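Shown next, in structure tokens, is the structure this report addresses.
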Amino acid sequence: MQLLDGKFASEKIKTEIAEEAAAFLAQSGRKPHLVAILVGNDGGSETYVASKMKNCEKVGFKSSLFRYDNSVTETELLAKIEEINKDADVDGLIVQLPLPKHIDPEKITETIDYRKDVDGFHPVNLGRMMRNLPCFIPATPYGILLMLQAYNIDTTGKHCVVVGRSNIVGSPMSILMARNANPGNCTVTLTHSKTHNLKEMVLQGDIVVAAIGRKNFVTADMVKSGAIIIDVGINRETSTETKSGFKLYGDVDFENVVPKVSWITPVPGGVGLMTIVGLLKNTLASAKGEIYS
Ligand SMILES: NC(=O)C1=CN([C@@H]2O[C@H](COP(=O)(O)OP(=O)(O)OC[C@H]3O[C@@H](n4cnc5c(N)ncnc54)[C@H](OP(=O)(O)O)[C@@H]3O)[C@@H](O)[C@H]2O)C=CC1
Ligand SMILES: Nc1nc(=O)c2c([nH]1)NC[C@@H]1CN(c3ccc(C(=O)N[C@@H](CCC(=O)O)C(=O)O)cc3)C=[N+]21
């Protein structure tokens, strides 16, 4: 078994991003600028947004955070998005999910200018991705592709089984792995909670992407010998063992799956770190006008 180490891969790519950001600053007199909107005080969301902001500073980007409490109205949020859309100093805008129930995530997503949608959730970006056109690729699937690339893993011709069909992870991942590109060129099976014989499906995967949101969901008896395992899950449990008071678990029963597989991403230290790199890459590409000029 070999580890797909998110720390190693992300640090290497961040060094490249920092160099490009410095060149962009020298040439344009400004830094790539990412804006995040955070509603409420969910512990996980706080951590991820803080990490996104910290990583922006690390690679020489400007970052701004707008915080609202749970009582914010949809109208207020939409007005803020419109304001940021118009701000020529902003290259990327993300609204951290999940949002409180009284706010429609579809409306939020569609109001973000697709040219600043570095999360890649806007229908224009998803549609362009389907057609293999330049677009912002959703950060987590993008991060997974970057991870496979960093380890020179050839995915061509392999059977990729994705578990979970969310808009932000499973669905875009299935499209990307089926595209005529490398990483890509896979035969893809997309599975979800209504799938019959899930175990038999997952057993066929040369590559398994687990994005369910349940600790230890993918067990050793479900994976083919020598498979490549991408564990997207982040399941937080309170713990007395750690300083932070909680512990993270993936969707894969890591300990028991490890002996059977060729490559596997750990949690923490895997896909999560690559997601941030995906977001930084999209923000830089936006600043440079590489996707939409
Ligand atoms: N590392 C990272 O950067 C990121 C990690 N995550 C983590 O990844 C996990 C998944 O996130 P996300 O995609 O947003 O989750 P969602 O809750 O949106 O989607 C979960 C998917 O899993 C499917 N599912 C649930 N139960 C089963 C089951 N018993 N059998 C088969 N499929 C099932 C659901 O099926 P159905 O559609 O039928 O309901 C759904 O498609 C979470 O732990 C999340 O925290 C998410 C984003 C980024
Ligand atoms: N608009 C939007 N865009 C997102 O990209 C988005 C979102 N909403 N909502 C929630 C999910 C989740 N997500 C993660 C990002 C980083 C880590 C990450 O850095 N994880 C570290 C550890 C973090 C920790 O210690 O808690 C790791 O896995 O090693 C995890 C998860 C982005 N998401």
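Labels for the structure tokens follow display order: chains A, B, ..., residues from 1 in each chain, ligands from 1.
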(request) Could you please extract the residues within 6 Å of ligand 1, counting only C-alpha atoms and all ligand atoms, and hand them back as a list in words? (result) Thr140, Val163, Gly164, Arg165, Ser166, Ile168, Val169, Gly170, His192, Ser193, Lys194, Ala211, Ile212, Gly213, Val232, Gly233, Ile234, Asn235, Val271, Gly272 and Thr275 of chain A
Deliver the residues from the most recent selection as a file, using C-alpha atoms, as a compact mmCIF listing (two decimals), in the first residue's frame.
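Output contents, as saved in out-v3.txt:
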```txt
# COMPACT_ATOMS: atom_id res chain seq x y z
CA THR A 140 -12.93 18.83 -4.38
CA VAL A 163 -20.24 6.38 -4.17
CA GLY A 164 -22.44 9.45 -3.60
CA ARG A 165 -24.05 11.74 -6.20
CA SER A 166 -23.99 15.20 -4.57
CA ILE A 168 -20.43 19.26 -5.12
CA VAL A 169 -18.54 15.95 -5.11
CA GLY A 170 -19.99 12.70 -6.50
CA HIS A 192 -26.06 6.29 -4.34
CA SER A 193 -28.53 5.35 -1.63
CA LYS A 194 -30.96 3.72 -4.09
CA ALA A 211 -18.27 10.59 -0.83
CA ILE A 212 -21.12 9.49 1.41
CA GLY A 213 -20.66 11.21 4.74
CA VAL A 232 -13.61 12.21 0.50
CA GLY A 233 -15.56 11.80 3.73
CA ILE A 234 -15.04 14.14 6.66
CA ASN A 235 -16.93 12.85 9.67
CA VAL A 271 -8.60 15.07 -0.16
CA GLY A 272 -9.43 17.97 2.22
CA THR A 275 -9.73 20.78 -2.09
```
(message) To check your reading of the model: which residues sit at most 7 Å from ligand 2 when counting only C-alpha atoms and all ligand atoms? Write the answer as a PyMOL selection string.
(response) chain A and resi 44-45+47-48+51+94-98+119+139-140+234+248+267-273+275-276
(request) Would you mind writing down, as a list in words, each residue of region 63-115 of chain A that DSSP on the backbone assigns to alpha helix (DSSP H)? (result)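 Matching residues for alpha helix (DSSP H) in region 63-115 of chain A are Glu74, Thr75, Glu76, Leu77, Leu78, Ala79, Lys80, Ile81, Glu82, Glu83, Ile84, Asn85, Lys86, Pro105, Glu106, Lys107, Ile108, Thr109, Glu110 and Thr111 of chain A.
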Filtering to C-alpha atoms, could you give me those residues as a CSV table (one decimal), in the first residue's frame?
```csv
chain,number,residue,atom,x,y,z
A,74,GLU,CA,-31.7,35.7,1.6
A,75,THR,CA,-32.3,39.2,0.3
A,76,GLU,CA,-29.3,40.6,2.3
A,77,LEU,CA,-27.1,37.8,1.1
A,78,LEU,CA,-28.1,38.2,-2.5
A,79,ALA,CA,-27.4,42.0,-2.3
A,80,LYS,CA,-23.9,41.3,-0.9
A,81,ILE,CA,-23.2,38.8,-3.7
A,82,GLU,CA,-24.3,41.3,-6.3
A,83,GLU,CA,-22.0,43.9,-4.7
A,84,ILE,CA,-19.0,41.5,-4.8
A,85,ASN,CA,-19.9,40.5,-8.4
A,86,LYS,CA,-19.3,44.1,-9.4
A,105,PRO,CA,-28.7,27.4,-2.1
A,106,GLU,CA,-29.7,27.3,-5.8
A,107,LYS,CA,-30.6,31.0,-5.8
A,108,ILE,CA,-27.3,31.8,-4.1
A,109,THR,CA,-25.3,29.7,-6.5
A,110,GLU,CA,-27.0,31.2,-9.6
A,111,THR,CA,-26.5,34.7,-8.4
```
(request) Name the residues of region 157-208 of chain A that fall into strand (DSSP E or B) according to DSSP on the backbone, using the chain letters and numbers of this document, as a VMD selection string. (result) chain A and resid 159 to 163 187 to 191 207 to 208
(request) Just the residues within 9 Å of Gln204 (chain A), please, counting only C-alpha atoms, with nothing from its chain fewer than 3 positions along; format it as a PyMOL selection string. (result) chain A and resi 159-161+199-201+207-208+222-224
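Shortest separation to Leu148 (chain A) among A:Val188, A:Ile229, A:Val202, A:Leu38 occurs at residue A:Ile229, atoms counted being only C-alpha atoms.
Every protein or nucleic acid residue with an atom no more than 9 Å from Asp117 (chain A), counting only C-alpha atoms and leaving out same-chain residues fewer than 2 positions away, appears here: Asp91, Gly92, Leu93, Ile94, Thr109, Ile112, Asp113, Tyr114, Arg115, Asp119, Gly120, Phe121, His122, Asn125, Phe136, Asn282, Thr283 and Ser286 of chain A.
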Write out the residues from the selection above, keeping C-alpha atoms, as a PDB file, in the first residue's frame.
```pdb
ATOM      1  CA  ASP A  91     -11.390  37.307  -8.628  1.00  0.00           C
ATOM      2  CA  GLY A  92     -13.206  34.563  -6.749  1.00  0.00           C
ATOM      3  CA  LEU A  93     -16.289  34.333  -4.533  1.00  0.00           C
ATOM      4  CA  ILE A  94     -17.410  31.342  -2.482  1.00  0.00           C
ATOM      5  CA  THR A 109     -25.275  29.680  -6.548  1.00  0.00           C
ATOM      6  CA  ILE A 112     -22.729  34.403  -8.113  1.00  0.00           C
ATOM      7  CA  ASP A 113     -21.171  35.681 -11.353  1.00  0.00           C
ATOM      8  CA  TYR A 114     -20.004  32.490 -13.105  1.00  0.00           C
ATOM      9  CA  ARG A 115     -16.762  34.294 -13.961  1.00  0.00           C
ATOM     10  CA  ASP A 119     -16.260  26.708  -6.416  1.00  0.00           C
ATOM     11  CA  GLY A 120     -17.441  25.682  -9.892  1.00  0.00           C
ATOM     12  CA  PHE A 121     -21.059  25.185  -8.731  1.00  0.00           C
ATOM     13  CA  HIS A 122     -22.785  27.586 -11.177  1.00  0.00           C
ATOM     14  CA  ASN A 125     -19.434  26.103 -15.165  1.00  0.00           C
ATOM     15  CA  PHE A 136     -13.948  26.332 -13.004  1.00  0.00           C
ATOM     16  CA  ASN A 282      -9.267  28.333  -9.706  1.00  0.00           C
ATOM     17  CA  THR A 283      -8.744  31.729  -8.054  1.00  0.00           C
ATOM     18  CA  SER A 286      -9.603  33.671 -12.625  1.00  0.00           C
TER      19      SER A 286
END
```
